[in-house]
$ cat target_21.csv   # CSV, C-alpha atoms
chain,number,residue,atom,x,y,z
A,768,MET,CA,-10.6,39.7,35.3
A,769,ALA,CA,-11.2,36.8,37.7
A,770,SER,CA,-9.2,36.9,40.9
A,771,VAL,CA,-9.0,34.9,44.1
A,772,ASP,CA,-9.5,36.7,47.3
A,773,SER,CA,-7.0,35.3,49.8
A,774,ASN,CA,-9.2,36.3,52.7
A,775,SER,CA,-12.3,34.6,51.5
A,776,ASN,CA,-12.9,30.9,52.4
A,777,GLU,CA,-14.6,30.0,49.2
A,778,ALA,CA,-13.4,26.8,47.6
A,779,LEU,CA,-12.2,27.4,44.0
A,780,SER,CA,-13.1,24.5,41.7
A,781,LEU,CA,-11.7,24.0,38.2
A,782,ASN,CA,-14.2,23.1,35.5
A,783,ILE,CA,-12.6,20.1,33.9
A,784,MET,CA,-15.5,19.0,31.7
A,785,PRO,CA,-14.2,20.7,28.6
A,786,LEU,CA,-10.8,19.0,29.1
A,787,LEU,CA,-12.6,15.6,29.4
A,788,ASP,CA,-14.5,16.5,26.2
A,789,ILE,CA,-11.3,17.1,24.4
A,790,PHE,CA,-9.8,13.9,25.7
A,791,SER,CA,-12.8,11.9,24.6
A,792,ILE,CA,-12.8,13.3,21.1
A,793,LEU,CA,-9.0,12.8,20.8
A,794,ILE,CA,-9.2,9.2,22.0
A,795,LEU,CA,-12.2,8.5,19.7
A,796,PHE,CA,-10.2,9.9,16.7
A,797,LEU,CA,-7.0,8.0,17.6
A,798,LEU,CA,-8.9,4.7,18.2
A,799,MET,CA,-10.6,5.1,14.8
A,800,SER,CA,-7.3,5.7,13.0
A,801,PHE,CA,-5.5,3.0,15.0
A,802,SER,CA,-3.6,0.8,12.6
A,803,THR,CA,-4.3,-2.9,12.5
A,804,ASP,CA,-1.8,-3.5,9.8
A,805,PRO,CA,0.5,-6.5,10.5
A,806,ILE,CA,3.6,-4.3,9.9
A,807,SER,CA,4.3,-0.9,11.3
A,808,HIS,CA,6.9,0.8,9.2
A,809,ASP,CA,8.1,4.4,9.1
A,810,VAL,CA,8.6,5.7,5.6
A,811,ASN,CA,12.2,6.9,5.0
A,812,PRO,CA,12.2,10.7,5.4
A,813,ALA,CA,14.4,11.1,2.3
A,814,LEU,CA,11.7,9.9,0.0
A,815,GLU,CA,8.1,10.4,-0.8
A,816,LEU,CA,5.8,7.5,-1.8
A,817,PRO,CA,3.4,7.6,-4.7
A,818,ASP,CA,-0.3,7.5,-3.9
A,819,SER,CA,-2.3,4.4,-4.7
A,820,ARG,CA,-5.8,3.0,-4.2
A,821,THR,CA,-4.3,-0.4,-3.5
A,822,ILE,CA,-6.2,-2.8,-1.3
A,823,ARG,CA,-3.2,-4.7,0.0
A,824,SER,CA,-1.4,-3.6,3.1
A,825,LEU,CA,2.3,-3.7,3.7
A,826,ASP,CA,3.2,-7.2,5.0
A,827,GLU,CA,7.0,-7.0,5.3
A,828,ILE,CA,9.6,-4.5,5.9
A,829,PRO,CA,11.2,-3.3,2.6
A,830,SER,CA,14.6,-4.7,1.9
A,831,LEU,CA,15.3,-2.3,-0.9
A,832,VAL,CA,15.0,1.5,-0.3
A,833,VAL,CA,15.6,4.0,-3.1
A,834,THR,CA,15.7,7.6,-1.8
A,835,LYS,CA,16.2,10.7,-3.9
A,836,ASN,CA,20.0,10.2,-3.8
A,837,ASP,CA,20.8,6.7,-2.7
A,838,VAL,CA,20.0,3.0,-3.0
A,839,PHE,CA,20.0,0.9,0.2
A,840,VAL,CA,19.7,-2.8,0.7
A,841,ASN,CA,18.8,-3.6,4.3
A,842,ASP,CA,19.9,-0.2,5.4
A,843,LYS,CA,23.3,-0.6,3.8
A,844,LYS,CA,24.1,1.9,1.0
A,845,VAL,CA,25.0,0.1,-2.3
A,846,SER,CA,24.9,2.9,-4.8
A,847,SER,CA,24.3,6.6,-5.4
A,848,ILE,CA,21.9,8.4,-7.7
A,849,ILE,CA,23.3,11.4,-9.6
A,850,ASN,CA,20.9,13.4,-11.8
A,851,GLY,CA,18.2,10.9,-11.5
A,852,ASP,CA,20.3,7.9,-12.6
A,853,ILE,CA,22.7,5.5,-11.0
A,854,GLN,CA,26.3,6.7,-11.1
A,855,GLU,CA,28.1,5.5,-14.2
A,856,ARG,CA,30.7,3.3,-12.5
A,857,ASP,CA,28.0,1.1,-11.0
A,858,ARG,CA,26.1,0.5,-14.2
A,859,SER,CA,26.5,-2.9,-16.0
A,860,GLN,CA,24.4,-4.2,-18.9
A,861,GLY,CA,21.5,-1.9,-18.0
A,862,ALA,CA,21.5,-3.1,-14.4
A,863,ILE,CA,23.3,-2.0,-11.2
A,864,TYR,CA,26.2,-4.3,-10.3
A,865,PRO,CA,26.6,-3.5,-6.6
A,866,LEU,CA,22.9,-3.9,-6.2
A,867,TYR,CA,23.0,-7.2,-8.0
A,868,GLU,CA,25.7,-8.4,-5.6
A,869,ALA,CA,23.8,-7.3,-2.5
A,870,LEU,CA,20.6,-8.8,-3.7
A,871,THR,CA,22.3,-12.1,-4.6
A,872,LYS,CA,23.4,-12.3,-0.9
A,873,LEU,CA,19.9,-11.4,0.2
A,874,ALA,CA,18.4,-14.1,-2.0
A,875,GLU,CA,20.7,-16.7,-0.6
A,876,ALA,CA,19.8,-15.7,2.9
A,877,ASN,CA,16.1,-15.7,2.1
A,878,LYS,CA,16.4,-19.3,0.7
A,879,ARG,CA,18.0,-20.4,3.9
A,880,ILE,CA,15.4,-19.0,6.2
A,881,THR,CA,12.2,-19.6,4.2
A,882,GLU,CA,10.9,-22.7,2.5
A,883,ASN,CA,8.3,-20.8,0.6
A,884,LYS,CA,9.9,-20.3,-2.9
A,885,LYS,CA,7.5,-17.4,-3.7
A,886,ASP,CA,8.4,-15.5,-0.5
A,887,ALA,CA,12.1,-16.0,-1.3
A,888,SER,CA,11.8,-14.5,-4.7
A,889,THR,CA,9.7,-11.5,-3.7
A,890,LEU,CA,11.3,-8.2,-3.0
A,891,THR,CA,9.6,-5.2,-1.3
A,892,LEU,CA,10.6,-1.9,-2.7
A,893,GLU,CA,10.3,1.5,-1.2
A,894,MET,CA,11.1,4.2,-3.8
A,895,ASP,CA,10.7,7.9,-4.3
A,896,LYS,CA,7.8,8.9,-6.5
A,897,ASP,CA,9.9,11.4,-8.6
A,898,HIS,CA,12.3,8.9,-10.1
A,899,ASP,CA,12.1,7.9,-13.7
A,900,PHE,CA,11.0,4.4,-14.7
A,901,LYS,CA,14.5,4.0,-16.2
A,902,LEU,CA,15.9,3.8,-12.6
A,903,LEU,CA,13.2,1.3,-11.6
A,904,LYS,CA,14.0,-0.8,-14.7
A,905,ARG,CA,17.7,-0.9,-13.7
A,906,ILE,CA,16.7,-2.0,-10.2
A,907,MET,CA,14.3,-4.6,-11.5
A,908,LEU,CA,16.9,-6.0,-13.9
A,909,SER,CA,19.4,-6.2,-11.1
A,910,ALA,CA,16.9,-8.0,-8.9
A,911,GLN,CA,15.8,-10.3,-11.8
A,912,GLN,CA,19.4,-11.5,-12.2
A,913,ALA,CA,19.6,-12.1,-8.5
A,914,LYS,CA,16.5,-14.4,-8.9
A,915,PHE,CA,13.8,-12.0,-7.6
A,916,ILE,CA,10.9,-12.2,-10.0
A,917,ALA,CA,8.1,-10.6,-8.0
A,918,PHE,CA,8.0,-7.1,-6.5
A,919,LYS,CA,5.9,-5.4,-3.9
A,920,LEU,CA,6.0,-1.7,-4.7
A,921,MET,CA,5.2,0.4,-1.6
A,922,ALA,CA,2.7,3.2,-2.0
A,923,ALA,CA,0.8,5.5,0.3
A,924,LYS,CA,-2.8,4.4,0.4
A,925,SER,CA,-5.0,7.3,-0.7
A,926,SER,CA,-8.4,8.0,1.0
A,927,ARG,CA,-10.2,6.2,-1.8
A,928,ALA,CA,-8.5,3.0,-1.0
A,929,ALA,CA,-10.7,0.2,0.0
A,930,THR,CA,-10.0,-1.9,3.1
A,931,ASP,CA,-7.7,-4.9,2.9
A,932,GLU,CA,-9.0,-8.2,1.7
B,859,MET,CA,-36.7,4.7,64.2
B,860,SER,CA,-35.5,7.3,66.6
B,861,ARG,CA,-32.0,7.3,64.9
B,862,LYS,CA,-33.5,7.9,61.5
B,863,ARG,CA,-35.5,10.7,62.8
B,864,LYS,CA,-32.4,12.2,64.3
B,865,ARG,CA,-30.4,12.0,61.1
B,866,LYS,CA,-33.2,13.5,59.0
B,867,SER,CA,-33.4,16.4,61.4
B,868,LYS,CA,-29.6,17.0,61.1
B,869,HIS,CA,-29.8,17.1,57.2
B,870,ASP,CA,-32.6,19.6,57.4
B,871,LYS,CA,-30.4,21.8,59.5
B,872,GLU,CA,-27.3,21.7,57.2
B,873,GLY,CA,-29.1,21.7,53.8
B,874,PRO,CA,-28.7,19.4,50.8
B,875,ILE,CA,-25.4,17.4,50.5
B,876,THR,CA,-23.3,18.2,47.4
B,877,VAL,CA,-21.9,15.0,45.9
B,878,GLU,CA,-18.7,15.5,43.8
B,879,LEU,CA,-17.4,12.7,41.6
B,880,ASN,CA,-13.6,12.4,41.7
B,881,LEU,CA,-12.6,12.6,38.1
B,882,MET,CA,-8.9,12.6,38.6
B,883,PRO,CA,-8.4,8.8,38.1
B,884,PHE,CA,-10.6,9.1,35.0
B,885,ILE,CA,-8.4,11.9,33.6
B,886,ASP,CA,-5.3,9.9,34.4
B,887,VAL,CA,-6.5,6.9,32.4
B,888,PHE,CA,-7.5,9.2,29.5
B,889,SER,CA,-4.1,10.9,29.5
B,890,LEU,CA,-2.2,7.6,29.4
B,891,MET,CA,-4.5,6.2,26.7
B,892,THR,CA,-4.0,9.4,24.6
B,893,THR,CA,-0.2,9.2,25.0
B,894,PHE,CA,-0.1,5.5,24.0
B,895,LEU,CA,-2.4,6.1,21.0
B,896,LEU,CA,-0.5,9.1,19.8
B,897,PHE,CA,2.8,7.2,19.9
B,898,SER,CA,1.4,4.2,18.1
B,899,ALA,CA,-0.7,6.2,15.6
B,900,VAL,CA,0.1,5.6,11.9
B,901,PHE,CA,-0.9,8.7,9.9
B,902,ILE,CA,0.1,7.3,6.5
B,903,GLN,CA,-1.4,4.0,5.6
B,904,ILE,CA,1.1,2.0,3.4
B,905,GLY,CA,0.0,-0.3,0.8
B,906,ILE,CA,1.7,-2.5,-1.8
B,907,LEU,CA,1.2,-3.0,-5.5
B,908,GLU,CA,2.4,-6.4,-6.7
B,909,VAL,CA,4.1,-6.8,-10.1
B,910,GLN,CA,6.2,-9.4,-11.7
B,911,VAL,CA,9.1,-9.4,-14.2
B,912,PRO,CA,9.3,-11.8,-17.1
B,913,PHE,CA,11.6,-14.8,-16.4
B,914,LEU,CA,12.7,-17.8,-18.3
B,915,SER,CA,12.3,-21.2,-16.7
B,916,ASN,CA,13.3,-24.7,-17.7
B,917,ALA,CA,10.4,-26.2,-15.8
B,918,ALA,CA,7.7,-28.0,-17.8
B,919,PRO,CA,4.5,-26.0,-18.1
B,920,PRO,CA,1.8,-27.1,-15.6
B,921,ALA,CA,-0.7,-29.5,-17.0
B,922,ASP,CA,-4.1,-27.8,-16.7
B,923,ASP,CA,-7.4,-27.7,-18.5
B,924,LYS,CA,-7.0,-24.1,-19.7
B,925,PRO,CA,-8.0,-23.4,-23.3
B,926,SER,CA,-5.1,-23.3,-25.7
B,927,ARG,CA,-6.4,-20.2,-27.5
B,928,ILE,CA,-6.0,-17.4,-25.0
B,929,ILE,CA,-6.0,-13.6,-25.4
B,930,SER,CA,-2.9,-11.6,-24.5
B,931,VAL,CA,-3.5,-8.1,-23.2
B,932,LYS,CA,-0.7,-5.5,-23.3
B,933,THR,CA,-0.6,-1.9,-22.2
B,934,ASP,CA,2.0,0.5,-23.4
B,935,LEU,CA,2.6,3.7,-21.5
B,936,THR,CA,4.4,6.5,-23.2
B,937,LYS,CA,4.8,10.2,-22.5
B,938,ASP,CA,1.9,11.2,-24.8
B,939,SER,CA,-0.3,8.1,-24.9
B,940,ILE,CA,-1.5,4.9,-23.4
B,941,GLU,CA,-2.2,2.0,-25.8
B,942,ILE,CA,-4.0,-1.2,-25.2
B,943,LEU,CA,-3.1,-4.1,-27.5
B,944,THR,CA,-4.9,-7.4,-27.6
B,945,GLU,CA,-4.1,-10.5,-29.6
B,946,TRP,CA,-5.2,-14.1,-29.5
B,947,SER,CA,-2.6,-16.8,-29.2
B,948,GLU,CA,-4.0,-18.9,-32.1
B,949,ALA,CA,-5.7,-18.1,-35.3
B,950,PRO,CA,-7.7,-16.0,-35.9
B,951,LYS,CA,-5.4,-13.7,-33.9
B,952,ASP,CA,-7.6,-10.7,-34.4
B,953,PRO,CA,-5.1,-8.0,-33.2
B,954,GLN,CA,-6.8,-4.9,-31.8
B,955,SER,CA,-5.3,-1.6,-30.6
B,956,TYR,CA,-6.9,1.2,-28.6
B,957,LYS,CA,-5.1,4.4,-28.0
B,958,PHE,CA,-5.8,7.0,-25.3
B,959,ASN,CA,-4.3,10.3,-24.2
B,960,HIS,CA,-1.9,10.2,-21.3
B,961,ASN,CA,-3.9,12.3,-18.9
B,962,ASP,CA,-6.5,11.6,-16.2
B,963,ALA,CA,-9.4,11.4,-18.6
B,964,GLY,CA,-7.3,9.0,-20.8
B,965,ILE,CA,-6.5,6.8,-17.9
B,966,GLN,CA,-10.2,6.5,-17.0
B,967,GLU,CA,-11.1,5.7,-20.6
B,968,MET,CA,-8.3,3.1,-20.7
B,969,HIS,CA,-9.7,1.6,-17.5
B,970,LYS,CA,-13.2,1.3,-19.0
B,971,LYS,CA,-11.8,-0.4,-22.0
B,972,LEU,CA,-9.8,-2.9,-19.9
B,973,VAL,CA,-13.0,-3.6,-17.9
B,974,GLU,CA,-14.8,-4.3,-21.2
B,975,ILE,CA,-11.9,-6.6,-22.3
B,976,ARG,CA,-11.9,-8.4,-19.0
B,977,MET,CA,-15.6,-8.9,-19.0
B,978,ALA,CA,-15.4,-10.4,-22.4
B,979,ASN,CA,-12.5,-12.6,-21.4
B,980,PRO,CA,-12.9,-13.5,-17.7
B,981,ASP,CA,-10.3,-16.3,-17.8
B,982,THR,CA,-7.4,-14.0,-18.5
B,983,ASP,CA,-6.2,-12.2,-15.4
B,984,LYS,CA,-2.7,-11.4,-16.7
B,985,LEU,CA,-1.6,-8.2,-18.4
B,986,THR,CA,1.8,-7.2,-19.7
B,987,PHE,CA,2.7,-3.6,-18.9
B,988,PHE,CA,5.3,-1.7,-21.0
B,989,VAL,CA,6.5,1.7,-19.7
B,990,ASP,CA,8.8,4.2,-21.4
B,991,ASP,CA,12.1,5.1,-19.6
B,992,GLU,CA,11.2,8.8,-19.0
B,993,ILE,CA,7.9,8.1,-17.3
B,994,LYS,CA,7.9,9.1,-13.7
B,995,TYR,CA,7.3,6.4,-11.1
B,996,GLU,CA,4.3,8.3,-9.7
B,997,GLU,CA,2.7,8.3,-13.2
B,998,MET,CA,3.4,4.6,-13.6
B,999,THR,CA,1.8,3.9,-10.3
B,1000,LYS,CA,-1.3,5.8,-11.3
B,1001,VAL,CA,-1.8,3.8,-14.5
B,1002,LEU,CA,-0.9,0.6,-12.6
B,1003,ASP,CA,-3.7,1.3,-10.2
B,1004,SER,CA,-6.2,1.6,-13.0
B,1005,ILE,CA,-4.9,-1.6,-14.5
B,1006,LYS,CA,-5.0,-3.7,-11.3
B,1007,LEU,CA,-8.0,-2.4,-9.4
B,1008,LEU,CA,-11.7,-2.2,-10.0
B,1009,ASP,CA,-13.5,1.1,-9.3
B,1010,GLU,CA,-16.6,1.3,-7.1
B,1011,ALA,CA,-18.5,2.4,-10.2
B,1012,ASP,CA,-17.4,-0.6,-12.3
B,1013,PRO,CA,-19.9,-3.3,-13.0
B,1014,ASP,CA,-19.8,-6.4,-10.8
B,1015,MET,CA,-17.6,-8.9,-12.6
B,1016,ARG,CA,-18.7,-12.5,-12.5
B,1017,LEU,CA,-15.2,-14.0,-12.7
B,1018,PRO,CA,-14.7,-17.7,-12.6
B,1019,ALA,CA,-13.9,-19.2,-9.2
B,1020,GLY,CA,-10.3,-20.2,-8.7
B,1021,LYS,CA,-7.4,-20.0,-6.4
B,1022,ASP,CA,-5.6,-16.8,-5.7
B,1023,ASP,CA,-1.8,-16.3,-5.4
B,1024,ASP,CA,-1.9,-17.5,-1.8
B,1025,GLY,CA,-3.6,-20.7,-2.8
B,1026,GLU,CA,-6.9,-19.6,-1.1
B,1027,GLU,CA,-10.2,-20.2,-2.8
B,1028,GLU,CA,-11.5,-17.0,-4.4
B,1029,THR,CA,-15.2,-16.8,-5.2
B,1030,THR,CA,-16.7,-15.0,-8.1
B,1031,HIS,CA,-18.1,-12.0,-6.3
B,1032,GLN,CA,-15.1,-11.3,-4.0
B,1033,THR,CA,-12.6,-10.0,-6.5
B,1034,ARG,CA,-11.7,-6.3,-6.5
B,1035,TYR,CA,-9.0,-6.8,-9.0
B,1036,LEU,CA,-9.2,-6.1,-12.7
B,1037,TYR,CA,-5.9,-7.6,-13.8
B,1038,LYS,CA,-4.3,-9.1,-10.7
B,1039,LYS,CA,-1.1,-10.3,-12.4
B,1040,VAL,CA,0.8,-7.5,-14.0
B,1041,ILE,CA,4.1,-8.4,-15.8
B,1042,MET,CA,6.5,-5.5,-16.3
B,1043,GLY,CA,7.3,-6.2,-20.0
B,1044,SER,CA,9.9,-3.5,-20.3
B,1045,VAL,CA,12.2,-5.3,-17.8
B,1046,LEU,CA,14.1,-7.5,-20.2
B,1047,LEU,CA,17.8,-7.7,-20.8

$ encode --input "target_21.csv" --output "structure tokens"
Amino acid sequence: MASVDSNSNEALSLNIMPLLDIFSILILFLLMSFSTDPISHDVNPALELPDSRTIRSLDEIPSLVVTKNDVFVNDKKVSSIINGDIQERDRSQGAIYPLYEALTKLAEANKRITENKKDASTLTLEMDKDHDFKLLKRIMLSAQQAKFIAFKLMAAKSSRAATDE
Amino acid sequence: MSRKRKRKSKHDKEGPITVELNLMPFIDVFSLMTTFLLFSAVFIQIGILEVQVPFLSNAAPPADDKPSRIISVKTDLTKDSIEILTEWSEAPKDPQSYKFNHNDAGIQEMHKKLVEIRMANPDTDKLTFFVDDEIKYEEMTKVLDSIKLLDEADPDMRLPAGKDDDGEEETTHQTRYLYKKVIMGSVLL
């Protein structure tokens, strides 16, 4: 085992070259994976996104988040999900009434702040991959009635995804 | 001259000088950079898939020089199968139907068929997508991927030049979309 003799006057030098090697490799890896996306958004921990080969990157923070158990509009809970579907008291004509109300307010706010009609009628949706399409349909119907006609469905880019346009 | 000689003689006496590079500032910079990059690193790349829902409008249709006889392409995703339906808007309507199994191989076959249809009808970039209620969102996304995006193995499609959704000019060879506009046909009251 190596030991330092306190009586000897030899200068002990630490070999820091392996440390530098590690740092260099780490920096190289981090620089290569450095995101140049316009938006940096942390996925809600209560949901898992589906995979996609999509070539378009996220360009706005999602207004509508559907976790395994809840529906949020701008971080405000509007409804609960029980057994994979919206709780019965919130359902209305195939849609979700509290969600419709929240999205109507959002649509009005969007109209005030943006002149671009297309942006005002587009909704970014972050939704758990295990939900049935029935739930997505209810959400889309609610949004459609609140004058949202285009949707940006968030997905985790798989390794096969091409770079952005 | 005499000074030089003197110095040389001193070196000879003490032996070669060991030069050590001070690496500490270098390590400091590396540490800071690593910390910054680790904090700002995004390990999951997030993308978006754009879809539309059908809507009714009172506005007059835009006056354009598009042909009046256009093909409508529909895809119906059920638990067991995926079906492509095509039909022309004017006679002869020539309705066609192609059915595939709902599995990975079936999705690939469906994609190949859609490529064929798109190549035969490059003017139509719109597809209506019907999905059954019990289909999982993940499954729907997988099929949507195959509908919207071209694979690397797909032939180069010489699509007509035009403007994309953002109003920017799109040239024939730049497109990586198979059907860019996907309408969620099931979302109707």

$ closest_residue --input "target_21.csv" --among "B:Gln903, B:Asn880, B:Gln966, B:Thr893" --to "chain A" --atoms "only C-alpha atoms"
B:Gln903

$ atom_distance --input "target_21.csv" --atom1 "CA of Ser955 in chain B" --atom2 "CA of Arg1034 in chain B"
25.4 Å

$ interface_residues --input "target_21.csv" --of "chain B" --to "chain A" --cutoff "6 Å" --atoms "all atoms listed in the file" --output "PDB file with C-alpha atoms, in the coordinates of the input"
ATOM      1  CA  THR B 892      -4.000   9.400  24.600  1.00  0.00           C
ATOM      2  CA  ALA B 899      -0.700   6.200  15.600  1.00  0.00           C
ATOM      3  CA  GLN B 903      -1.400   4.000   5.600  1.00  0.00           C
ATOM      4  CA  ILE B 904       1.100   2.000   3.400  1.00  0.00           C
ATOM      5  CA  GLY B 905       0.000  -0.300   0.800  1.00  0.00           C
ATOM      6  CA  ILE B 906       1.700  -2.500  -1.800  1.00  0.00           C
ATOM      7  CA  LEU B 907       1.200  -3.000  -5.500  1.00  0.00           C
ATOM      8  CA  GLU B 908       2.400  -6.400  -6.700  1.00  0.00           C
ATOM      9  CA  VAL B 909       4.100  -6.800 -10.100  1.00  0.00           C
ATOM     10  CA  GLN B 910       6.200  -9.400 -11.700  1.00  0.00           C
ATOM     11  CA  VAL B 911       9.100  -9.400 -14.200  1.00  0.00           C
ATOM     12  CA  ASP B 991      12.100   5.100 -19.600  1.00  0.00           C
ATOM     13  CA  GLU B 992      11.200   8.800 -19.000  1.00  0.00           C
ATOM     14  CA  ILE B 993       7.900   8.100 -17.300  1.00  0.00           C
ATOM     15  CA  LYS B 994       7.900   9.100 -13.700  1.00  0.00           C
ATOM     16  CA  TYR B 995       7.300   6.400 -11.100  1.00  0.00           C
ATOM     17  CA  GLU B 996       4.300   8.300  -9.700  1.00  0.00           C
ATOM     18  CA  VAL B1045      12.200  -5.300 -17.800  1.00  0.00           C
TER      19      VAL B1045
END

$ atom_distance --input "target_21.csv" --atom1 "CA of Phe901 in chain B" --atom2 "CA of Pro829 in chain A"
18.5 Å

$ atom_distance --input "target_21.csv" --atom1 "CA of Leu1036 in chain B" --atom2 "CA of Ile1005 in chain B"
6.5 Å

$ residues_around --input "target_21.csv" --residues "Val973 in chain B" --least-positions-apart "6" --cutoff "10 Å" --atoms "all atoms listed in the file" --output "ChimeraX atom specification"
/B:967,979-980,1004-1005,1007-1009,1012-1013,1015,1036-1037

$ closest_residue --input "target_21.csv" --among "B:Ser926, B:Phe958, B:Thr1033, B:Thr982" --to "Lys970 in chain B" --atoms "all atoms listed in the file"
B:Phe958

$ closest_residue --input "target_21.csv" --among "B:Ala1011, B:Leu1046, B:Leu985, B:Ile965" --to "Val931 in chain B" --atoms "all atoms listed in the file"
B:Leu985

$ residues_around --input "target_21.csv" --residues "range 944-952 of chain B" --least-positions-apart "4" --cutoff "7 Å" --atoms "all atoms listed in the file" --output "PyMOL selection string"
chain B and resi 927-932

$ closest_residue --input "target_21.csv" --among "A:Val840, A:Val833, A:Asp857, A:Val845" --to "Ala874 in chain A" --atoms "only C-alpha atoms"
A:Val840

$ residues_around --input "target_21.csv" --residues "range 834-839 of chain A" --least-positions-apart "3" --cutoff "6 Å" --atoms "all atoms listed in the file" --output "ChimeraX atom specification"
/A:813-814,831,842-848,895

$ write_last_selection --input "target_21.csv" --atoms "C-alpha atoms" --output "CSV table (one decimal), in the coordinates of the input"
chain,number,residue,atom,x,y,z
A,813,ALA,CA,14.4,11.1,2.3
A,814,LEU,CA,11.7,9.9,0.0
A,831,LEU,CA,15.3,-2.3,-0.9
A,842,ASP,CA,19.9,-0.2,5.4
A,843,LYS,CA,23.3,-0.6,3.8
A,844,LYS,CA,24.1,1.9,1.0
A,845,VAL,CA,25.0,0.1,-2.3
A,846,SER,CA,24.9,2.9,-4.8
A,847,SER,CA,24.3,6.6,-5.4
A,848,ILE,CA,21.9,8.4,-7.7
A,895,ASP,CA,10.7,7.9,-4.3

$ closest_residue --input "target_21.csv" --among "B:Ile885, B:Leu943, B:Met998, B:Leu896" --to "Lys971 in chain B" --atoms "all atoms listed in the file"
B:Leu943

$ build_atoms --input "target_21.csv" --residues "range 876-888 of chain A" --atoms "N, CA and C atoms" --output "PDB file, in the coordinates of the input"
ATOM      1  N   ALA A 876      20.293 -15.687   1.540  1.00  0.00           N
ATOM      2  CA  ALA A 876      19.800 -15.700   2.900  1.00  0.00           C
ATOM      3  C   ALA A 876      18.354 -16.001   3.042  1.00  0.00           C
ATOM      4  N   ASN A 877      17.577 -15.454   2.115  1.00  0.00           N
ATOM      5  CA  ASN A 877      16.100 -15.700   2.100  1.00  0.00           C
ATOM      6  C   ASN A 877      15.859 -17.215   1.899  1.00  0.00           C
ATOM      7  N   LYS A 878      16.639 -17.834   0.993  1.00  0.00           N
ATOM      8  CA  LYS A 878      16.400 -19.300   0.700  1.00  0.00           C
ATOM      9  C   LYS A 878      16.704 -20.097   1.959  1.00  0.00           C
ATOM     10  N   ARG A 879      17.691 -19.664   2.736  1.00  0.00           N
ATOM     11  CA  ARG A 879      18.000 -20.400   3.900  1.00  0.00           C
ATOM     12  C   ARG A 879      16.945 -20.350   5.000  1.00  0.00           C
ATOM     13  N   ILE A 880      16.327 -19.154   5.106  1.00  0.00           N
ATOM     14  CA  ILE A 880      15.400 -19.000   6.200  1.00  0.00           C
ATOM     15  C   ILE A 880      13.924 -19.275   5.843  1.00  0.00           C
ATOM     16  N   THR A 881      13.617 -19.302   4.565  1.00  0.00           N
ATOM     17  CA  THR A 881      12.200 -19.600   4.200  1.00  0.00           C
ATOM     18  C   THR A 881      12.146 -20.767   3.222  1.00  0.00           C
ATOM     19  N   GLU A 882      11.137 -21.585   3.433  1.00  0.00           N
ATOM     20  CA  GLU A 882      10.900 -22.700   2.500  1.00  0.00           C
ATOM     21  C   GLU A 882      10.021 -22.356   1.376  1.00  0.00           C
ATOM     22  N   ASN A 883       9.260 -21.286   1.571  1.00  0.00           N
ATOM     23  CA  ASN A 883       8.300 -20.800   0.600  1.00  0.00           C
ATOM     24  C   ASN A 883       9.096 -20.158  -0.590  1.00  0.00           C
ATOM     25  N   LYS A 884       9.087 -20.778  -1.766  1.00  0.00           N
ATOM     26  CA  LYS A 884       9.900 -20.300  -2.900  1.00  0.00           C
ATOM     27  C   LYS A 884       9.367 -18.879  -3.332  1.00  0.00           C
ATOM     28  N   LYS A 885       8.050 -18.693  -3.224  1.00  0.00           N
ATOM     29  CA  LYS A 885       7.500 -17.400  -3.700  1.00  0.00           C
ATOM     30  C   LYS A 885       7.944 -16.269  -2.788  1.00  0.00           C
ATOM     31  N   ASP A 886       7.960 -16.509  -1.469  1.00  0.00           N
ATOM     32  CA  ASP A 886       8.400 -15.500  -0.500  1.00  0.00           C
ATOM     33  C   ASP A 886       9.897 -15.151  -0.784  1.00  0.00           C
ATOM     34  N   ALA A 887      10.679 -16.198  -1.074  1.00  0.00           N
ATOM     35  CA  ALA A 887      12.100 -16.000  -1.300  1.00  0.00           C
ATOM     36  C   ALA A 887      12.428 -15.209  -2.526  1.00  0.00           C
ATOM     37  N   SER A 888      11.514 -15.254  -3.493  1.00  0.00           N
ATOM     38  CA  SER A 888      11.800 -14.500  -4.700  1.00  0.00           C
ATOM     39  C   SER A 888      10.994 -13.244  -4.867  1.00  0.00           C
TER      40      SER A 888
END
